[in-house]
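Worksheet for the structure shown next.
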Amino acid sequence: MLPLAVDLDGTLIKTDLLIEAVMQLAKESPASLLKVPFWLLKGKAAFKHEIFSRVDIDVECLPYNVEFLAYLKREHALGRKILLTTATSRRAAEKVAAHVGIFAEVLASDEKVNLAGTRKAEALTAHFGEKRFAYAGNDHVDVAVWKASGEAHIVNPSPGLTRARVEAVCPVEAVYEDRKSRIKLVLKAMRVHQWAKNVLIFAPALFAHRILEPNVLIAAITAFFAFTFTSSSVYLLNDLLDLDSDRRHLDKKRRPFASGDLPLHFGLVLTPFLFLLGMGIGATLGAKFLGVLLGYYAVTLAYSLRLKEVVLADVLILAFLYAWRVFAGSVATEIKLSSWFLAFFGFLFLSLALVKRVGELILTQKQAGMENKRRGYRVADLTQLISFGSSSGYISVLVLCLYANAEQNSGSYARPEFIWFVCPFLLYWVSRMWLKAHRGEMHSDPLVYSLKDRASYIIIAIMAVIWLVASGTL
């Protein structure tokens, strides 16, 4: 059997370690990114050396190509010599090799030589002789290596890299491919299901009984799409920064970037594109709304980078971001919200933010009692967090009761007494959300969960109808 040289990025693993290292550096030491242009001036090899010398990649959780790795282990068991040959920094490559445990040798880039393309082919030819080795790769740059090899293995080939093109320079032994639809993966990474949270933008117009006014409705819809694309940009950036922690999570490890199903460069392109698209749409509503949108992005970015790791501050910020959507709707439609509704939304959203955190801790508890390293909470905190959250939810119901009883508000409604009928349904819904979270059935954002949960959907619909009756719309 010919010795088998195996590429790392895109072949042994489904991701690109250089991009992962840059994103990790951006999260751990944002100021270091200012040095990147100077590192690039030294050449690609020196650039990689600088990046990988400052980060520590967790190789245990990397998304390996399972089928191909199983093949390599079988070949290793038969006595075949297998090498890891990669353009990645030697420091990271040796960690991967030590973890996998089947590689007899590692050939990788150092601070002077970027071992890719023709340089990799020359190194392997000097090592074994021309056509005296087999090579497994995935990208167009690997064609230069296949020209010098005696046997080719193609793993999840890049777009445009066909079997015929490789066979023109080298016999193909096998092709391993398990890629999913890129369009579906992009939509999943954008978290289209999370767009449901942006319906909160319509709340001011709904509560002011002006939702059917054409100008108000158009402004609210425009604000909705501005927030939709801006929030998707944040979600993509958050996933790029949280690769390690997502891979250790029971559910989040299936996200497109964490699982390696969607190449990281998609995120690097889509993140700024969606941001600019969202801001462009928001600018049509005026400078004030654009400022609100930029404020939302800034707070969300700060949350993703650092604040989500600050105990309790994270849930307060989550509640703030929920309420920020309502405030944005108020600015877009030029409808002022009363202090009653600000108090109501504040307590309700704090309760929902705590529901989300409790749901994550329940999942953490299922992971053999492990502590949630990413958030700073402990499984032992569950009882206290449930107390905080349920109390906040019930206070929001109390605020609504006081609002219904306030005489100064009765003039805004045709049938103000009907507002009282909303309260028991809201009380039931809040209690149900907390019961679901306590049972470990809350696996997503509570608002998104509610729009998928049949019972919650019915309850919310009933409350909306009652509110419309109270306002005289129905």
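Chain lettering (A, B, ...) mirrors the order of the structure tokens, residue numbering begins at 1 for each chain separately, and ligand numbering begins at 1 in order of display.
Proximity to region 426-441 of chain A at 8 Å, evaluated using only C-alpha atoms and with sequence-adjacent residues fewer than 5 positions away removed, yields Val355, Lys356, Val358, Gly359, Ile362, Leu363, Ile386, Ser390, Gly393, Tyr394, Val397, Pro446, Ser456, Ile459 and Met463 of chain A.
If you look at CA of Leu17 (chain A) and CA of His127 (chain A), they are 25.2 Å away from each other.
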Exercise for the section: May I ask which of the residues A:Ala21, A:Ala343, A:Ala353, A:Leu243 is the closest one to Met442 (chain A), counting only C-alpha atoms? Expected result: A:Ala353
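Among A:Ala226, A:Ala461, A:Val96, A:Val6, the residue with the shortest atom-to-atom distance to Phe275 (chain A), counting only C-alpha atoms, is A:Ala226.
If you measure from each of A:Asp142, A:Asp251, A:Asp239, A:Glu75 to Gln24 (chain A) using only C-alpha atoms, the closest one turns out to be A:Asp239.
Taking CA of Val292 (chain A) and CA of Phe341 (chain A) as the two end points, the separation is 18.9 Å.
Residues within 7 Å of Ser392 (chain A), counting only C-alpha atoms and excluding same-chain residues fewer than 3 positions away, are Phe347, Leu348, Leu350, Ser351, Phe388, Gly389, Ile395 and Ser396 of chain A.
Among the candidates A:Lys112, A:Pro159, A:Phe421, A:Leu274, the residue lying nearest to Gly43 (chain A) is A:Lys112 (atoms considered: only C-alpha atoms).
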Exercise for the section: Tell me which protein, DNA and RNA residues are within 9 Å of region 48-61 of chain A, counting only C-alpha atoms, leaving out same-chain ones fewer than 2 positions away, and put them as a PyMOL selection string. Expected result: chain A and resi 17-18+20-22+24-25+28+36+39-40+43-46+63-64+88-92+95-96+99-100+109-112+114+244+247-248
Take the residues from that selection and put them in a file with C-alpha atoms, as a tab-separated table (two decimals), in the first residue's frame.
```tsv
chain	number	residue	atom	x	y	z
A	17	LEU	CA	-8.57	26.10	11.25
A	18	LEU	CA	-7.07	29.41	10.15
A	20	GLU	CA	-11.37	29.49	13.38
A	21	ALA	CA	-8.13	30.75	14.91
A	22	VAL	CA	-8.75	34.31	13.65
A	24	GLN	CA	-11.06	32.95	18.37
A	25	LEU	CA	-8.40	35.66	18.52
A	28	GLU	CA	-10.28	36.65	23.17
A	36	VAL	CA	-3.13	41.57	11.40
A	39	TRP	CA	1.51	40.14	10.07
A	40	LEU	CA	0.19	39.76	6.52
A	43	GLY	CA	3.83	36.59	4.21
A	44	LYS	CA	1.16	33.92	4.67
A	45	ALA	CA	3.41	31.50	6.55
A	46	ALA	CA	4.43	34.14	9.10
A	63	PRO	CA	-16.05	18.50	13.20
A	64	TYR	CA	-14.19	15.53	11.72
A	88	THR	CA	-2.03	24.73	8.74
A	89	SER	CA	0.49	25.76	11.39
A	90	ARG	CA	2.52	22.86	12.78
A	91	ARG	CA	1.43	23.70	16.33
A	92	ALA	CA	-2.24	23.06	15.53
A	95	LYS	CA	-2.38	18.69	18.34
A	96	VAL	CA	-4.84	17.19	15.86
A	99	HIS	CA	-5.73	13.51	19.29
A	100	VAL	CA	-6.56	11.26	16.32
A	109	SER	CA	3.60	24.98	7.67
A	110	ASP	CA	6.10	26.83	9.81
A	111	GLU	CA	6.85	30.54	10.11
A	112	LYS	CA	8.85	30.50	6.86
A	114	ASN	CA	3.44	27.76	3.73
A	244	ASP	CA	-15.92	25.94	20.61
A	247	ARG	CA	-19.71	22.25	19.87
A	248	ARG	CA	-19.92	21.34	23.54
```
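Counting only C-alpha atoms, region 321-327 of chain A has the following residues at most 9 Å away, ignoring those fewer than 3 positions along the same chain: Lys197, Asn198, Val199, Leu200, Ile201, Phe202, Ala203, Pro204, Phe224, Phe227, Val292, Tyr296, Val299, Thr300, Leu316, Ile317, Leu318, Ser330, Val331, Ala332, Lys336, Leu337, Leu342, Phe345, Gly346, Phe349, Leu350 and Ala353 of chain A.
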Handout entry: CA of Asn138 (chain A) to CA of Asn156 (chain A), straight-line distance in Å
Key = 5.9 Å
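By chain and then residue number, the residues within 8 Å of Leu185 (chain A) are A:Pro256, A:Asp261, A:Leu262, counting only C-alpha atoms and disregarding those fewer than 6 positions away in sequence.
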Handout entry: Long-range neighbours of Pro157 (chain A) as a PyMOL selection string, 9 Å cut-off, only C-alpha atoms, 4 positions minimum in chain
Key = chain A and resi 10-11+137-140+161-163+175-177
Fill in the blank from the handout: With distances taken over only C-alpha atoms, the candidate from A:Ser232, A:Lys81, A:Leu385, A:Gly280 nearest His193 (chain A) is A:Ser232
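Residue-level DSSP output for region 103-140 of chain A, from the backbone, shows strand (DSSP E) at Glu105, Val106, Leu107, Ala108, Ser109, Ala134, Tyr135, Ala136 and Gly137 of chain A.
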Residue selection dump (all heavy atoms) as a short mmCIF file (atom, residue, chain, number, x, y, z; two decimals), in the first residue's frame:
```cif
data_model
loop_
_atom_site.label_atom_id
_atom_site.label_comp_id
_atom_site.auth_asym_id
_atom_site.auth_seq_id
_atom_site.Cartn_x
_atom_site.Cartn_y
_atom_site.Cartn_z
N GLU A 105 3.49 10.65 10.99
CA GLU A 105 4.33 11.83 10.82
C GLU A 105 3.43 13.03 10.49
O GLU A 105 2.32 12.87 9.97
CB GLU A 105 5.33 11.59 9.69
CG GLU A 105 6.49 12.57 9.64
CD GLU A 105 7.52 12.15 8.60
OE1 GLU A 105 7.50 10.98 8.16
OE2 GLU A 105 8.33 13.03 8.22
N VAL A 106 3.94 14.23 10.77
CA VAL A 106 3.20 15.46 10.46
C VAL A 106 4.09 16.37 9.61
O VAL A 106 5.22 16.69 10.01
CB VAL A 106 2.78 16.21 11.75
CG1 VAL A 106 2.13 17.54 11.39
CG2 VAL A 106 1.82 15.36 12.57
N LEU A 107 3.58 16.75 8.46
CA LEU A 107 4.23 17.76 7.62
C LEU A 107 3.31 18.97 7.60
O LEU A 107 2.15 18.87 7.17
CB LEU A 107 4.44 17.24 6.19
CG LEU A 107 5.31 15.99 6.02
CD1 LEU A 107 5.39 15.60 4.56
CD2 LEU A 107 6.71 16.23 6.58
N ALA A 108 3.79 20.12 8.05
CA ALA A 108 2.92 21.29 8.18
C ALA A 108 3.71 22.57 7.95
O ALA A 108 4.94 22.57 7.85
CB ALA A 108 2.28 21.30 9.57
N SER A 109 2.97 23.67 7.88
CA SER A 109 3.60 24.98 7.67
C SER A 109 4.34 25.42 8.92
O SER A 109 3.96 25.09 10.05
CB SER A 109 2.53 26.02 7.31
OG SER A 109 1.88 25.69 6.10
N ALA A 134 0.09 8.24 -1.87
CA ALA A 134 -1.31 8.58 -2.14
C ALA A 134 -1.63 9.87 -1.39
O ALA A 134 -1.02 10.18 -0.36
CB ALA A 134 -2.23 7.45 -1.69
N TYR A 135 -2.61 10.60 -1.90
CA TYR A 135 -2.94 11.88 -1.26
C TYR A 135 -4.44 12.07 -1.19
O TYR A 135 -5.17 11.82 -2.17
CB TYR A 135 -2.31 13.04 -2.03
CG TYR A 135 -2.62 14.40 -1.44
CD1 TYR A 135 -2.06 14.80 -0.22
CD2 TYR A 135 -3.49 15.28 -2.09
CE1 TYR A 135 -2.36 16.04 0.33
CE2 TYR A 135 -3.78 16.51 -1.55
CZ TYR A 135 -3.22 16.89 -0.33
OH TYR A 135 -3.51 18.11 0.21
N ALA A 136 -4.93 12.55 -0.03
CA ALA A 136 -6.34 12.84 0.18
C ALA A 136 -6.50 14.34 0.38
O ALA A 136 -5.89 14.92 1.28
CB ALA A 136 -6.87 12.08 1.40
N GLY A 137 -7.31 14.97 -0.48
CA GLY A 137 -7.53 16.40 -0.38
C GLY A 137 -8.94 16.77 -0.79
O GLY A 137 -9.79 15.90 -1.02
#
```
Handout entry: helix (DSSP H, G or I) residues, from DSSP on the backbone, in region 84-194 of chain A, as a ChimeraX atom specification
Key = /A:90-100,118-128,140-148,163-167,182-189,192-194
Export of prior selection with C-alpha atoms as a PDB file, in the first residue's frame:
```
ATOM      1  CA  ARG A  90       2.518  22.862  12.779  1.00  0.00           C
ATOM      2  CA  ARG A  91       1.434  23.695  16.328  1.00  0.00           C
ATOM      3  CA  ALA A  92      -2.241  23.062  15.534  1.00  0.00           C
ATOM      4  CA  ALA A  93      -1.538  20.132  13.194  1.00  0.00           C
ATOM      5  CA  GLU A  94       0.443  18.255  15.839  1.00  0.00           C
ATOM      6  CA  LYS A  95      -2.381  18.686  18.338  1.00  0.00           C
ATOM      7  CA  VAL A  96      -4.841  17.186  15.858  1.00  0.00           C
ATOM      8  CA  ALA A  97      -2.466  14.323  15.066  1.00  0.00           C
ATOM      9  CA  ALA A  98      -1.981  13.540  18.750  1.00  0.00           C
ATOM     10  CA  HIS A  99      -5.730  13.508  19.292  1.00  0.00           C
ATOM     11  CA  VAL A 100      -6.557  11.264  16.321  1.00  0.00           C
ATOM     12  CA  THR A 118       3.303  22.880  -5.260  1.00  0.00           C
ATOM     13  CA  ARG A 119       5.309  23.211  -2.033  1.00  0.00           C
ATOM     14  CA  LYS A 120       3.334  20.366  -0.485  1.00  0.00           C
ATOM     15  CA  ALA A 121       3.851  18.299  -3.654  1.00  0.00           C
ATOM     16  CA  GLU A 122       7.598  18.961  -3.549  1.00  0.00           C
ATOM     17  CA  ALA A 123       7.818  18.016   0.140  1.00  0.00           C
ATOM     18  CA  LEU A 124       5.967  14.718  -0.385  1.00  0.00           C
ATOM     19  CA  THR A 125       7.978  13.901  -3.523  1.00  0.00           C
ATOM     20  CA  ALA A 126      11.237  14.520  -1.636  1.00  0.00           C
ATOM     21  CA  HIS A 127       9.907  12.302   1.138  1.00  0.00           C
ATOM     22  CA  PHE A 128       8.685   9.328  -0.913  1.00  0.00           C
ATOM     23  CA  HIS A 140      -8.384  23.074  -6.276  1.00  0.00           C
ATOM     24  CA  VAL A 141      -4.958  23.803  -4.792  1.00  0.00           C
ATOM     25  CA  ASP A 142      -4.596  20.065  -4.139  1.00  0.00           C
ATOM     26  CA  VAL A 143      -4.506  19.300  -7.881  1.00  0.00           C
ATOM     27  CA  ALA A 144      -0.797  20.190  -7.839  1.00  0.00           C
ATOM     28  CA  VAL A 145      -0.262  17.496  -5.194  1.00  0.00           C
ATOM     29  CA  TRP A 146      -2.324  14.899  -7.041  1.00  0.00           C
ATOM     30  CA  LYS A 147      -0.135  15.429 -10.125  1.00  0.00           C
ATOM     31  CA  ALA A 148       2.806  14.110  -8.113  1.00  0.00           C
ATOM     32  CA  ARG A 163     -13.619  13.670 -10.269  1.00  0.00           C
ATOM     33  CA  ALA A 164     -12.775  13.932 -13.979  1.00  0.00           C
ATOM     34  CA  ARG A 165     -10.401  16.824 -13.342  1.00  0.00           C
ATOM     35  CA  VAL A 166      -8.522  14.841 -10.707  1.00  0.00           C
ATOM     36  CA  GLU A 167      -8.502  11.657 -12.793  1.00  0.00           C
ATOM     37  CA  ARG A 182     -26.066  25.036   1.073  1.00  0.00           C
ATOM     38  CA  ILE A 183     -29.248  27.114   0.716  1.00  0.00           C
ATOM     39  CA  LYS A 184     -30.938  25.321   3.611  1.00  0.00           C
ATOM     40  CA  LEU A 185     -27.797  25.646   5.694  1.00  0.00           C
ATOM     41  CA  VAL A 186     -27.516  29.396   5.005  1.00  0.00           C
ATOM     42  CA  LEU A 187     -31.142  29.938   6.026  1.00  0.00           C
ATOM     43  CA  LYS A 188     -30.576  27.869   9.142  1.00  0.00           C
ATOM     44  CA  ALA A 189     -27.449  29.878  10.014  1.00  0.00           C
ATOM     45  CA  VAL A 192     -34.976  32.433  10.017  1.00  0.00           C
ATOM     46  CA  HIS A 193     -37.120  30.974  12.806  1.00  0.00           C
ATOM     47  CA  GLN A 194     -35.811  33.712  15.119  1.00  0.00           C
TER      48      GLN A 194
END
```
